[in-house]
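Report on the following structure.
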Amino acid sequence: MSSCEHNDRPLAPYAAHQSTSRGRLFEEPAASYRGEFQRDRDRIIHSTAFRRLVYKTQVFVNHEGDLYRTRLTHSLEVAQIARTVARALHLNEALVEAISLAHDLGHTPFGHAGQDTLNACMREYGGFEHNLQSLRVVDHLEHKYAEFSGLNLTFETREGILKHCSAKNARELGEIGNRFLERKQPGLEAQIANIADAIAYNNHDVDDGYRAGLLSIDDLRTQTLFAAGFDDVSARYPDLEDRRLIYEIIRRMIDRVVSDLIRTTQDNIESVNPASIDAVREHSRPLVELSDTVLAEHQSLKRFLFKNMYQHHKVLDMTVRAQRMLEKLFEQYMRDPREMPEEFAAPALDDSEAGRARIVADYIAGMTDRFAIAEHDRLG
Ligand code: MG
């Protein structure tokens, strides 16, 4: 494969090239019309877990309103930001898109409340971590192909999905976990998808939080990122109604952070001058980063959202309800695995207690919000 994997943009030498990919766990013949990372992205889009993202909470429970982000629209926004950055830096756009679309596949119903509850239920059985679960979904839990379980994605996509990992889990994962033991980096595409996730939620949560009436424009103006956008938009359009005002501000916020990310990363790449993706992996620190100034603004907004939105009583109410529901589901399936569908029940009945717990966690993690609610009601 030549170094030109986009139609119109040559890839940089330090990008992920499919010619030097570490490959798939099960060897497969090449696709006729698609590159390998494009094929990964397509497999992710066709997966069951991906379709379920539309009914999974980002911050607000899915049925609380039609306008809020769900895991699916969040993932699409992450992919949009990541592709822009990858393209500007001559990196592999198909790979960055695949990683972005897959990054939340392992998320439980009910957002972080769900993740924390399932982790608590699994404390004695190795814990539950949504990021590791995303890898588990693409490596094992999708049952679509005759010759293997999972989606058999390339190493580079899997490397990007596994953003963090404990040493204990890393040892169990083998090759894909090595970088956490050796303190190495993933490729630039993985680094981009990781930051694009944070940029996406920081910005869309301002929008959702404002729509939900949890954040006011005055409160938001205490944040430098927001205030800069506010000053610019209100000077230019003094009579703009709030709905458009917010959106014009968010556009500017995204633009400021993304432009800074591209510039800072470009400078880092120029000074380190990595010869290949392996040189990127060997480097002592990530090369994809924000400048100190913009990083401080970004982190301040993140803290602001944590305090004023994720900790808001309306969001916390949902947290408590979600916690009770998932605890009860976990208990009931542990007590009687036959309450789960046959494909989960049969192996759970045969397994050790820890093995059974992992199967129950897989089943619960795969649920959409509304299915978890229906199951909770059914089990009474
Ligand atoms: Mg995310």
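Identifiers for the structure tokens are assigned positionally: chains receive A, B, ... in sequence, residues are indexed from 1 per chain, and ligands are indexed from 1 in the order shown.
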Selection: 12 Å around range 212-214 of chain A, only C-alpha atoms, excl. self and same-chain fewer than 2 positions, as a PyMOL selection string
chain A and resi 59-61+64-69+205-210+216-220+304-315
Output the selection as a compact mmCIF listing (two decimals), in the first residue's frame - C-alpha atoms for each residue.
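Okay, result20.txt is ready:
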# COMPACT_ATOMS: atom_id res chain seq x y z
CA VAL A 59 -25.46 12.77 30.98
CA PHE A 60 -29.25 12.93 30.78
CA VAL A 61 -31.32 9.78 30.76
CA GLU A 64 -35.66 12.82 29.52
CA GLY A 65 -35.72 14.74 26.27
CA ASP A 66 -35.14 14.32 22.57
CA LEU A 67 -32.64 17.12 22.30
CA TYR A 68 -29.87 15.95 24.55
CA ARG A 69 -26.78 14.09 23.46
CA ASP A 205 -22.40 19.53 27.85
CA VAL A 206 -22.46 23.34 27.90
CA ASP A 207 -25.19 23.16 25.27
CA ASP A 208 -27.15 20.37 27.00
CA GLY A 209 -26.69 21.91 30.45
CA TYR A 210 -27.98 25.25 29.20
CA SER A 216 -27.03 30.04 33.02
CA ILE A 217 -25.19 32.33 30.66
CA ASP A 218 -24.02 34.41 33.63
CA ASP A 219 -22.55 31.35 35.34
CA LEU A 220 -20.92 30.23 32.13
CA PHE A 304 -17.07 23.89 36.30
CA LEU A 305 -19.26 21.32 34.54
CA PHE A 306 -18.47 18.70 37.14
CA LYS A 307 -19.55 20.97 39.96
CA ASN A 308 -22.53 22.67 38.32
CA MET A 309 -23.90 20.02 36.04
CA TYR A 310 -22.82 16.45 36.82
CA GLN A 311 -23.27 17.16 40.54
CA HIS A 312 -26.55 19.02 40.02
CA HIS A 313 -29.37 17.50 42.07
CA LYS A 314 -31.46 16.82 38.95
CA VAL A 315 -28.65 14.76 37.47
If you count only C-alpha atoms, which residues fall within 7 Å of range 138-141 of chain A, apart from same-chain ones fewer than 3 positions away, as a PyMOL selection string?
chain A and resi 134-135+149-152
Please write out the residues within 12 Å of ligand 1 as JSON, numbers by chain, counting only C-alpha atoms and all ligand atoms.
{"A": [53, 56, 57, 58, 59, 69, 70, 71, 72, 73, 74, 75, 76, 77, 78, 79, 99, 100, 101, 102, 103, 104, 105, 106, 107, 111, 112, 130, 131, 134, 161, 163, 193, 194, 195, 196, 197, 198, 199, 200, 201, 202, 204, 205]}
Mind checking which residues fall within 10 Å of Leu379 in chain A, counting only C-alpha atoms, ignoring those fewer than 4 positions away in the same chain, and posting them as a list in words?
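Final neighbour list, sorted by chain and number: Lys328, Leu329, Gln332, Tyr333, Glu339, Ala374 and Glu375 of chain A.
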Tell me, as JSON, numbers by chain, which residues lie within 7 Å of Thr154 in chain A, counting only C-alpha atoms; anything in the same chain fewer than 2 positions away does not count.
{"A": [23, 24, 152, 156, 157, 158]}
